[in-house]
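Q: This is model10.cif, which holds mmCIF, C-alpha atoms and all ligand atoms:
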```cif
data_my_file
loop_
_atom_site.label_atom_id
_atom_site.label_comp_id
_atom_site.auth_asym_id
_atom_site.auth_seq_id
_atom_site.Cartn_x
_atom_site.Cartn_y
_atom_site.Cartn_z
CA MET A 1 64.86 82.91 99.58
CA GLU A 2 63.38 86.27 98.79
CA CYS A 3 60.24 87.44 100.47
CA HIS A 4 57.15 87.43 98.32
CA CYS A 5 54.79 87.80 101.25
CA SER A 6 52.44 90.17 99.50
CA HIS A 7 51.91 87.93 96.49
CA GLN A 8 48.46 86.51 96.02
CA PHE A 9 47.32 83.42 94.20
CA PHE A 10 44.09 83.05 92.30
CA PHE A 11 42.30 80.06 90.83
CA ASN A 12 40.40 80.76 87.63
CA PHE A 13 37.94 78.13 86.46
CA SER A 14 38.79 77.40 82.85
CA GLY A 15 36.02 74.90 82.29
CA ASN A 16 35.93 71.13 82.44
CA SER A 17 38.95 69.36 81.02
CA SER A 18 38.63 66.61 78.44
CA LEU A 19 41.95 65.13 79.58
CA THR A 20 41.73 61.54 80.80
CA SER A 21 45.23 61.32 82.26
CA TYR A 22 47.59 63.56 84.15
CA GLY A 23 51.26 64.17 83.64
CA GLU A 24 53.68 66.80 82.45
CA ASP A 25 51.77 68.21 79.53
CA GLY A 26 51.82 71.96 80.13
CA ILE A 27 48.39 71.97 81.80
CA ASN A 28 47.80 72.36 85.54
CA LEU A 29 45.04 69.85 86.11
CA ILE A 30 42.72 69.19 89.06
CA TYR A 31 41.42 65.74 88.36
CA PHE A 32 39.07 63.21 90.02
CA PHE A 33 40.38 59.66 89.84
CA PRO A 34 39.39 56.49 91.76
CA PHE A 35 42.47 55.55 93.76
CA GLU A 36 42.71 51.92 94.80
CA GLU A 37 44.08 52.97 98.19
CA GLY A 38 40.83 54.08 99.80
CA ASP A 39 42.51 56.13 102.52
CA VAL A 40 44.33 58.48 100.15
CA LEU A 41 42.34 61.69 99.82
CA GLY A 42 44.42 63.25 97.08
CA THR A 43 47.87 63.56 95.60
CA THR A 44 49.75 66.41 93.98
CA TYR A 45 52.43 65.90 91.36
CA ILE A 46 54.99 68.67 91.00
CA HIS A 47 56.96 68.98 87.78
CA ASP A 48 60.10 71.08 87.74
CA ASP A 49 62.43 72.22 84.99
CA GLN A 50 65.16 69.73 86.04
CA ILE A 51 67.71 72.56 85.96
CA ASP A 52 67.24 74.93 88.87
CA HIS A 53 64.10 73.19 90.12
CA HIS A 54 61.65 75.94 89.33
CA ILE A 55 58.17 74.46 89.44
CA ILE A 56 56.71 74.57 85.94
CA GLU A 57 53.55 72.51 86.39
CA VAL A 58 51.39 70.82 89.03
CA ASP A 59 48.58 68.27 88.82
CA THR A 60 46.31 67.42 91.72
CA VAL A 61 44.37 64.19 91.73
CA ILE A 62 41.40 63.79 94.11
CA ASN A 63 40.20 60.31 95.07
CA SER A 64 36.75 59.95 93.49
CA SER A 65 36.17 56.71 95.42
CA LEU A 66 35.48 58.83 98.51
CA ASP A 67 32.53 61.06 99.36
CA TRP A 68 33.13 64.80 99.02
CA SER A 69 31.41 68.00 100.03
CA ALA A 70 32.60 71.60 99.90
CA THR A 71 31.40 72.22 103.45
CA SER A 72 31.60 68.91 105.33
CA THR A 73 32.72 69.16 108.94
CA ASN A 74 32.67 65.47 109.85
CA PRO A 75 33.82 62.10 108.54
CA PRO A 76 33.16 60.19 106.40
CA ILE A 77 32.23 63.07 104.08
CA ASN A 78 35.53 64.72 103.10
CA ASN A 79 35.87 68.48 102.89
CA LEU A 80 36.99 69.40 99.37
CA GLN A 81 38.10 72.91 100.34
CA ALA A 82 40.24 71.55 103.16
CA LEU A 83 41.90 69.04 100.85
CA MET A 84 42.56 71.65 98.16
CA LEU A 85 44.13 74.01 100.71
CA HIS A 86 46.49 71.16 101.68
CA GLU A 87 47.23 70.28 98.05
CA PHE A 88 47.80 73.93 97.26
CA GLY A 89 50.53 73.84 99.91
CA HIS A 90 52.15 71.11 97.79
CA TRP A 91 51.84 73.39 94.75
CA LEU A 92 54.09 75.78 96.69
CA ASN A 93 56.47 72.87 97.36
CA LEU A 94 55.50 72.47 101.02
CA ARG A 95 55.77 68.84 102.11
CA ASP A 96 53.54 66.69 104.30
CA LEU A 97 54.07 66.77 108.07
CA TYR A 98 54.45 63.19 109.30
CA GLY A 99 54.61 61.78 112.79
CA ASP A 100 53.65 58.84 114.96
CA LEU A 101 50.14 59.44 116.27
CA ASP A 102 50.54 56.74 118.91
CA THR A 103 53.39 58.38 120.78
CA PRO A 104 53.43 61.87 122.23
CA TYR A 105 54.48 64.65 119.92
CA LYS A 106 57.03 67.24 120.66
CA SER A 107 55.10 70.45 120.90
CA ASP A 108 56.77 71.85 117.79
CA ILE A 109 55.58 69.06 115.50
CA SER A 110 52.07 68.66 116.88
CA PRO A 111 49.64 67.74 114.09
CA VAL A 112 46.83 69.75 115.66
CA GLN A 113 45.27 72.34 113.35
CA LYS A 114 47.96 72.04 110.72
CA VAL A 115 46.93 72.15 107.09
CA MET A 116 50.02 70.28 105.91
CA PHE A 117 49.63 67.34 108.30
CA TYR A 118 49.37 64.26 106.05
CA GLU A 119 46.22 62.91 107.65
CA LYS A 120 42.91 64.65 108.30
CA ARG A 121 40.99 63.81 111.46
CA THR A 122 38.32 65.68 113.38
CA SER A 123 40.30 65.00 116.58
CA LEU A 124 43.30 66.81 115.09
CA GLY A 125 41.19 69.84 114.24
CA ASN A 126 42.29 69.72 110.62
CA TRP A 127 39.40 67.82 109.00
CA ASN A 128 37.70 70.96 107.79
CA LEU A 129 40.48 73.58 107.91
CA VAL A 130 39.75 75.89 105.00
CA THR A 131 41.93 78.79 106.15
CA LEU A 132 45.45 78.72 107.55
CA SER A 133 45.66 78.23 111.30
CA ASP A 134 48.13 80.16 113.45
CA PRO A 135 50.60 77.23 113.40
CA ASP A 136 50.41 77.19 109.58
CA LYS A 137 51.09 80.92 109.41
CA ALA A 138 53.99 80.51 111.83
CA GLY A 139 55.41 77.77 109.59
CA LEU A 140 55.16 79.93 106.49
CA SER A 141 56.70 82.82 108.37
CA TRP A 142 59.55 80.54 109.37
CA ILE A 143 60.29 79.85 105.71
CA TYR A 144 59.64 83.30 104.36
CA ASP A 145 60.09 86.71 105.95
CA HIS A 146 57.95 87.86 108.82
CA PRO A 147 57.05 91.35 110.07
CA ALA A 148 58.50 92.47 113.39
CA PRO A 149 56.37 91.91 116.51
CA VAL A 150 54.27 94.75 117.89
CA ILE A 151 53.27 95.21 121.55
CA ASN A 152 50.04 97.02 122.34
CA ALA A 153 49.70 96.20 126.01
CA ILE A 154 51.04 94.16 128.91
CA TYR A 155 48.67 93.06 131.63
CA PRO A 156 49.13 93.43 134.50
CA ALA A 157 51.66 96.23 133.94
CA THR A 158 52.67 96.37 137.60
CA GLY A 159 54.03 93.75 139.96
CA GLU A 160 55.47 93.55 143.45
CA ASN A 161 59.00 92.24 143.80
CA SER A 162 57.95 89.69 146.40
CA ALA A 163 57.12 86.93 143.87
CA SER A 164 57.09 85.98 140.19
CA ILE A 165 54.14 87.29 138.23
CA SER A 166 52.29 85.89 135.20
CA VAL A 167 51.52 88.45 132.50
CA ASN A 168 49.83 88.56 129.10
CA ILE A 169 51.30 90.61 126.27
CA THR A 170 48.95 91.59 123.46
CA GLY A 171 49.83 92.99 120.07
CA SER A 172 50.40 91.50 116.63
CA ASN A 173 52.69 89.40 114.39
CA TYR A 174 53.66 87.00 117.21
CA MET A 175 55.06 83.67 116.10
CA SER A 176 57.04 80.72 117.38
CA MET A 177 57.91 77.26 116.12
CA THR A 178 59.50 75.77 119.21
CA ASP A 179 59.25 76.20 122.96
CA SER A 180 62.35 78.34 123.13
CA ASP A 181 62.44 80.65 120.12
CA LEU A 182 60.34 83.46 121.56
CA SER A 183 61.75 85.57 124.38
CA VAL A 184 60.50 88.33 126.65
CA THR A 185 62.95 90.43 128.65
CA LEU A 186 62.69 93.20 131.22
CA SER A 187 65.56 95.67 131.22
CA LYS A 188 66.48 98.75 133.19
CA SER A 189 69.55 100.93 133.09
CA GLY A 190 72.13 99.78 135.63
CA GLN A 191 70.30 96.51 136.34
CA SER A 192 70.74 92.97 135.06
CA SER A 193 68.09 92.01 132.53
CA ILE A 194 65.28 89.72 133.68
CA ASN A 195 64.36 86.93 131.24
CA ALA A 196 60.76 85.75 131.36
CA ASN A 197 60.03 82.06 131.97
CA SER A 198 57.35 79.90 130.34
CA VAL A 199 57.01 82.17 127.32
CA LEU A 200 54.04 80.77 125.42
CA LEU A 201 52.52 81.78 122.11
CA ILE A 202 48.76 81.81 122.70
CA SER A 203 47.94 83.29 119.29
CA SER A 204 49.49 85.64 116.76
CA SER A 205 48.20 88.47 118.96
CA ARG A 206 48.87 87.15 122.47
CA VAL A 207 51.85 85.81 124.39
CA SER A 208 51.85 84.74 128.04
CA CYS A 209 54.90 84.48 130.27
CA THR A 210 56.11 84.57 133.87
CA LEU A 211 58.35 87.41 135.04
CA PRO A 212 60.71 86.32 137.88
CA ILE A 213 60.87 89.73 139.56
CA THR A 214 61.54 88.59 143.13
CA GLY A 215 64.01 91.02 144.66
CA ALA A 216 64.19 93.17 141.50
CA GLU A 217 64.89 96.89 141.65
CA PRO A 218 61.64 98.87 141.92
CA GLY A 219 60.82 101.31 139.14
CA GLN A 220 59.88 101.32 135.50
CA TRP A 221 61.41 98.65 133.26
CA ASP A 222 61.52 98.28 129.48
CA VAL A 223 59.70 95.29 127.96
CA THR A 224 61.31 93.56 124.95
CA LEU A 225 59.81 90.74 122.89
CA GLN A 226 62.09 88.95 120.41
CA HIS A 227 61.42 86.45 117.62
CA HIS A 228 63.75 83.66 116.49
CA ASP A 229 64.77 85.78 113.50
CA GLY A 230 66.14 88.47 115.81
CA LYS A 231 63.35 90.95 115.15
CA THR A 232 62.37 92.68 118.36
CA VAL A 233 60.04 95.27 119.78
CA THR A 234 60.80 97.24 122.94
CA LEU A 235 58.42 99.43 124.88
CA THR A 236 60.27 101.70 127.27
CA ASN A 237 59.15 102.11 130.88
CA ARG A 238 56.19 99.80 130.30
CA PHE A 239 56.37 97.49 133.34
CA THR A 240 56.54 98.86 136.89
CA ILE A 241 58.11 96.86 139.69
CA LEU A 242 57.06 97.85 143.21
CA ASN A 243 58.40 96.99 146.62
CA GLN A 244 55.91 94.97 148.63
CA PRO A 245 54.03 97.37 150.94
CA VAL A 246 54.51 96.96 154.69
CA VAL A 247 51.94 98.22 157.23
CA THR A 248 53.29 99.18 160.67
CA GLY A 249 50.50 101.19 162.21
CA ILE A 250 46.82 102.18 161.98
CA THR A 251 45.05 105.02 163.79
CA PRO A 252 42.53 104.48 165.24
CA ASN A 253 43.02 100.75 165.68
CA SER A 254 39.47 100.02 166.80
CA GLY A 255 35.96 101.05 165.79
CA GLU A 256 32.30 100.36 166.58
CA ASN A 257 30.27 98.38 164.06
CA THR A 258 27.52 101.01 163.97
CA GLY A 259 28.91 102.94 161.01
CA PRO A 260 31.99 103.74 158.93
CA VAL A 261 35.23 104.42 160.79
CA ASN A 262 37.49 107.21 159.61
CA ILE A 263 41.09 105.94 159.59
CA THR A 264 43.24 109.02 159.88
CA THR A 265 46.61 107.37 159.46
CA LEU A 266 47.92 104.11 158.04
CA SER A 267 51.69 104.07 158.31
CA GLY A 268 54.34 101.78 156.89
CA SER A 269 56.52 101.73 153.82
CA ASN A 270 56.48 101.20 150.05
CA PHE A 271 53.01 102.70 149.57
CA SER A 272 52.31 103.90 146.04
CA SER A 273 49.48 105.68 144.26
CA GLY A 274 46.56 103.44 143.43
CA ALA A 275 47.00 101.49 146.67
CA THR A 276 43.92 99.83 148.11
CA VAL A 277 43.10 99.09 151.75
CA ALA A 278 40.98 96.25 153.07
CA LEU A 279 40.13 94.52 156.34
CA THR A 280 40.14 90.73 156.18
CA LYS A 281 39.15 88.01 158.63
CA THR A 282 38.97 84.30 157.99
CA GLY A 283 35.46 83.21 157.15
CA GLN A 284 34.23 86.79 156.71
CA THR A 285 33.63 88.90 153.63
CA THR A 286 36.49 91.32 152.98
CA ILE A 287 35.73 94.95 153.85
CA ASN A 288 37.18 97.34 151.26
CA ALA A 289 38.06 100.86 152.36
CA THR A 290 36.82 103.85 150.39
CA ASN A 291 38.40 107.25 149.72
CA VAL A 292 41.97 106.00 150.13
CA SER A 293 44.60 108.61 149.45
CA VAL A 294 48.35 108.08 149.46
CA ILE A 295 50.02 110.96 151.34
CA SER A 296 53.55 109.62 150.97
CA SER A 297 55.20 106.29 150.43
CA SER A 298 54.92 105.75 154.17
CA LEU A 299 51.55 107.33 154.94
CA LEU A 300 48.07 106.44 153.75
CA HIS A 301 44.99 108.41 154.60
CA GLN A 302 41.41 107.30 154.41
CA ARG A 303 38.38 109.51 154.95
ZN ZN B 1 49.94 65.95 101.29
#
```
Take the structure I supplied and represent it as C-alpha cells, if you would.
Ligand SMILES: [Zn+2]
A:
Amino acid sequence: MECHCSHQFFFNFSGNSSLTSYGEDGINLIYFFPFEEGDVLGTTYIHDDQIDHHIIEVDTVINSSLDWSATSTNPPINNLQALMLHEFGHWLNLRDLYGDLDTPYKSDISPVQKVMFYEKRTSLGNWNLVTLSDPDKAGLSWIYDHPAPVINAIYPATGENSASISVNITGSNYMSMTDSDLSVTLSKSGQSSINANSVLLISSSRVSCTLPITGAEPGQWDVTLQHHDGKTVTLTNRFTILNQPVVTGITPNSGENTGPVNITTLSGSNFSSGATVALTKTGQTTINATNVSVISSSLLHQR
C-alpha cells in the first residue's frame, strides 16, 4: 500500500438530511437510529465497488436509544466525538479490535487506550478518546509508512562495566507493536555488539532499556535504535563505558573533625574526569568531597 501519510480528512456539515433510511445511495450519511440492542453505540456500513474493493460510500448509524454528549467523560453518557473517531476508523476500513476481557491480554493486543477497541469503558481509558493515542498511531504506522526514529539523548550516557545499566532514550517517531520489534544496540569497532534487554516503548518520544555492559570494553560506543520496518538511527560515540574505579590509597588517611582535611593524593586505577569522591559510614550522612581534580587515571587530587 502506498503511503498517504500527509493526507488530511475534513468533515463538512452539509445540513440535516431528510433521508429516513441508510444504504448504498451515493450519500455518506451520519444517522441517529434507535437500535434494539441497547449496548451497541454505533455501526458503520462500508460500500465498495465490488471490483477492486475501493470504498465508494460509508454510512454511520448512531444508537439514539442511548444518551450522548460531545464532551462526556463518564458512563452512562456516551461521548459522541469518541464514537465518531472510532467509526471514522471504519470509514478507513480499519476493523474492530476484539478480545476476551476476562483473561489476560498479550501486551500487543491490550485494549487500553485504543480507539478501535470494540467496546468503550472508562477502565480501558477509551471511553472519551477524542484523539489518537500512541498505540493507535503505532497501529496506523504499522499499516502505512512511518518516519525513521530520531535520537536526541540517552540518559545516563555513561556506565561502568561492572553491571547492567538501565537507560532512557529520548527523541521522536518511536513505535512498536510487540514486545520484540524494537531494538537498541551498542556497537564499537573491533567489539561484539551489545543488544539491549527489556526494550520498552514508553511513548513515541521515549524508550527505556537495559544495557548488559558487564565486562564490556571501555570507551565510546555507538547507539543504534531500530524499528520493525528496518529503519534505524545511529548516534556515533554516544555511550561511554568505563572501567569500575578502584581505590588503593589515600594520603593522609586520617584527619581531625575540627575542619576540612586536604587530601593530597587518592591513588588507584580507572579514574576518569568528572569523578566524585565521598566518605561513607553506615548510619551517617555521606560526606562529599569538594574541589576534586583528576590528575591521571590513577591519581586523584582534592584541595
Ligand atoms: Zn467498531
Q: Give the residue list for ligand ZN 1 (chain B) at 12 Å, counting only C-alpha atoms and all ligand atoms, as a ChimeraX atom specification, sorted by chain and then by residue number.
A: /A:40-46,60-62,82-98,114-120
Q: Could you tell me, as an MDAnalysis selection string, which residues have any atom at most 8 Å from (47.3, 105.1, 162.0), counting all atoms listed in the file?
A: chainID A and resid 249:253 263:267
Q: From the set A:Ser162, A:Ser141, A:Asn243, A:Thr286, which residue has the shortest atom-to-atom contact distance to His227 of chain A, counting only C-alpha atoms?
A: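 Using only C-alpha atoms, His227 of chain A sits closest to A:Ser141.
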Q: Which residues, written as a list in words, have at least one atom at most 6 Å from Thr170 of chain A, with only C-alpha atoms counted and residues fewer than 3 positions away on the same chain left out?
A: Ile151, Asn152, Ala153, Ser205 and Arg206 of chain A
Q: Using all atoms listed in the file, which residues of segment 125-227 of chain A come within 12 Å of segment 72-76 of chain A, and what is the closest atom pair for each, with the distance in Å to one decimal? Give it as CSV, sorted by chain and residue number.
A:
```
residue,atom,partner,partner_atom,distance
A:Gly125,CA,A:Thr73,CA,10.0
A:Asn126,CA,A:Thr73,CA,9.7
A:Trp127,CA,A:Thr73,CA,6.8
A:Asn128,CA,A:Thr73,CA,5.4
A:Leu129,CA,A:Thr73,CA,9.0
A:Val130,CA,A:Thr73,CA,10.5
```
Q: Save segment 113-140 of chain A to a file: N, CA and C atoms, as a PDB file, in the first residue's frame.
A:
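Listed below is the output, out.pdb:
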```pdb
ATOM      1  N   GLN A 113      -6.619   2.222  25.922  1.00  0.00           N
ATOM      2  CA  GLN A 113      -6.383   3.453  25.146  1.00  0.00           C
ATOM      3  C   GLN A 113      -6.326   3.208  23.649  1.00  0.00           C
ATOM      4  N   LYS A 114      -7.170   2.295  23.167  1.00  0.00           N
ATOM      5  CA  LYS A 114      -7.178   2.066  21.727  1.00  0.00           C
ATOM      6  C   LYS A 114      -8.540   2.456  21.158  1.00  0.00           C
ATOM      7  N   VAL A 115      -8.489   3.363  20.218  1.00  0.00           N
ATOM      8  CA  VAL A 115      -9.709   3.880  19.597  1.00  0.00           C
ATOM      9  C   VAL A 115     -10.507   2.772  18.948  1.00  0.00           C
ATOM     10  N   MET A 116      -9.827   1.807  18.312  1.00  0.00           N
ATOM     11  CA  MET A 116     -10.554   0.799  17.544  1.00  0.00           C
ATOM     12  C   MET A 116     -10.974  -0.400  18.384  1.00  0.00           C
ATOM     13  N   PHE A 117     -10.752  -0.374  19.712  1.00  0.00           N
ATOM     14  CA  PHE A 117     -11.284  -1.468  20.511  1.00  0.00           C
ATOM     15  C   PHE A 117     -12.804  -1.409  20.457  1.00  0.00           C
ATOM     16  N   TYR A 118     -13.458  -2.591  20.339  1.00  0.00           N
ATOM     17  CA  TYR A 118     -14.896  -2.619  20.020  1.00  0.00           C
ATOM     18  C   TYR A 118     -15.768  -2.071  21.135  1.00  0.00           C
ATOM     19  N   GLU A 119     -15.236  -2.083  22.358  1.00  0.00           N
ATOM     20  CA  GLU A 119     -16.051  -1.672  23.496  1.00  0.00           C
ATOM     21  C   GLU A 119     -15.414  -0.458  24.157  1.00  0.00           C
ATOM     22  N   LYS A 120     -16.251   0.462  24.643  1.00  0.00           N
ATOM     23  CA  LYS A 120     -15.708   1.636  25.323  1.00  0.00           C
ATOM     24  C   LYS A 120     -16.006   1.527  26.820  1.00  0.00           C
ATOM     25  N   ARG A 121     -14.950   1.651  27.611  1.00  0.00           N
ATOM     26  CA  ARG A 121     -15.088   1.598  29.071  1.00  0.00           C
ATOM     27  C   ARG A 121     -14.142   2.622  29.664  1.00  0.00           C
ATOM     28  N   THR A 122     -14.551   3.240  30.770  1.00  0.00           N
ATOM     29  CA  THR A 122     -13.633   4.168  31.429  1.00  0.00           C
ATOM     30  C   THR A 122     -12.385   3.430  31.894  1.00  0.00           C
ATOM     31  N   SER A 123     -12.552   2.166  32.352  1.00  0.00           N
ATOM     32  CA  SER A 123     -11.401   1.426  32.874  1.00  0.00           C
ATOM     33  C   SER A 123     -10.395   1.084  31.780  1.00  0.00           C
ATOM     34  N   LEU A 124     -10.822   1.118  30.528  1.00  0.00           N
ATOM     35  CA  LEU A 124      -9.909   0.843  29.416  1.00  0.00           C
ATOM     36  C   LEU A 124      -9.253   2.123  28.911  1.00  0.00           C
ATOM     37  N   GLY A 125      -9.721   3.259  29.443  1.00  0.00           N
ATOM     38  CA  GLY A 125      -9.132   4.529  29.014  1.00  0.00           C
ATOM     39  C   GLY A 125      -9.545   4.938  27.615  1.00  0.00           C
ATOM     40  N   ASN A 126     -10.607   4.316  27.098  1.00  0.00           N
ATOM     41  CA  ASN A 126     -11.005   4.677  25.729  1.00  0.00           C
ATOM     42  C   ASN A 126     -12.424   5.227  25.656  1.00  0.00           C
ATOM     43  N   TRP A 127     -13.044   5.475  26.837  1.00  0.00           N
ATOM     44  CA  TRP A 127     -14.421   5.979  26.843  1.00  0.00           C
ATOM     45  C   TRP A 127     -14.523   7.334  26.143  1.00  0.00           C
ATOM     46  N   ASN A 128     -13.539   8.175  26.417  1.00  0.00           N
ATOM     47  CA  ASN A 128     -13.624   9.547  25.894  1.00  0.00           C
ATOM     48  C   ASN A 128     -12.417   9.913  25.038  1.00  0.00           C
ATOM     49  N   LEU A 129     -11.832   8.909  24.372  1.00  0.00           N
ATOM     50  CA  LEU A 129     -10.675   9.188  23.497  1.00  0.00           C
ATOM     51  C   LEU A 129     -11.141   9.961  22.269  1.00  0.00           C
ATOM     52  N   VAL A 130     -10.725  11.210  22.160  1.00  0.00           N
ATOM     53  CA  VAL A 130     -11.133  12.004  21.002  1.00  0.00           C
ATOM     54  C   VAL A 130      -9.943  12.330  20.096  1.00  0.00           C
ATOM     55  N   THR A 131      -8.752  11.889  20.506  1.00  0.00           N
ATOM     56  CA  THR A 131      -7.585  11.973  19.615  1.00  0.00           C
ATOM     57  C   THR A 131      -6.914  10.605  19.651  1.00  0.00           C
ATOM     58  N   LEU A 132      -6.096  10.318  18.676  1.00  0.00           N
ATOM     59  CA  LEU A 132      -5.432   9.017  18.621  1.00  0.00           C
ATOM     60  C   LEU A 132      -4.412   8.901  19.747  1.00  0.00           C
ATOM     61  N   SER A 133      -4.410   7.760  20.417  1.00  0.00           N
ATOM     62  CA  SER A 133      -3.403   7.507  21.447  1.00  0.00           C
ATOM     63  C   SER A 133      -2.130   7.003  20.768  1.00  0.00           C
ATOM     64  N   ASP A 134      -1.053   6.900  21.524  1.00  0.00           N
ATOM     65  CA  ASP A 134       0.193   6.370  20.956  1.00  0.00           C
ATOM     66  C   ASP A 134       0.016   4.966  20.364  1.00  0.00           C
ATOM     67  N   PRO A 135      -0.726   4.053  21.061  1.00  0.00           N
ATOM     68  CA  PRO A 135      -0.930   2.740  20.440  1.00  0.00           C
ATOM     69  C   PRO A 135      -1.675   2.825  19.103  1.00  0.00           C
ATOM     70  N   ASP A 136      -2.654   3.757  19.011  1.00  0.00           N
ATOM     71  CA  ASP A 136      -3.366   3.912  17.741  1.00  0.00           C
ATOM     72  C   ASP A 136      -2.417   4.364  16.639  1.00  0.00           C
ATOM     73  N   LYS A 137      -1.571   5.353  16.982  1.00  0.00           N
ATOM     74  CA  LYS A 137      -0.629   5.861  15.979  1.00  0.00           C
ATOM     75  C   LYS A 137       0.341   4.765  15.555  1.00  0.00           C
ATOM     76  N   ALA A 138       0.749   3.941  16.538  1.00  0.00           N
ATOM     77  CA  ALA A 138       1.671   2.844  16.217  1.00  0.00           C
ATOM     78  C   ALA A 138       0.997   1.865  15.267  1.00  0.00           C
ATOM     79  N   GLY A 139      -0.317   1.607  15.507  1.00  0.00           N
ATOM     80  CA  GLY A 139      -1.052   0.698  14.633  1.00  0.00           C
ATOM     81  C   GLY A 139      -1.142   1.231  13.217  1.00  0.00           C
ATOM     82  N   LEU A 140      -1.460   2.517  13.101  1.00  0.00           N
ATOM     83  CA  LEU A 140      -1.541   3.125  11.769  1.00  0.00           C
ATOM     84  C   LEU A 140      -0.180   3.086  11.076  1.00  0.00           C
TER      85      LEU A 140
END
```
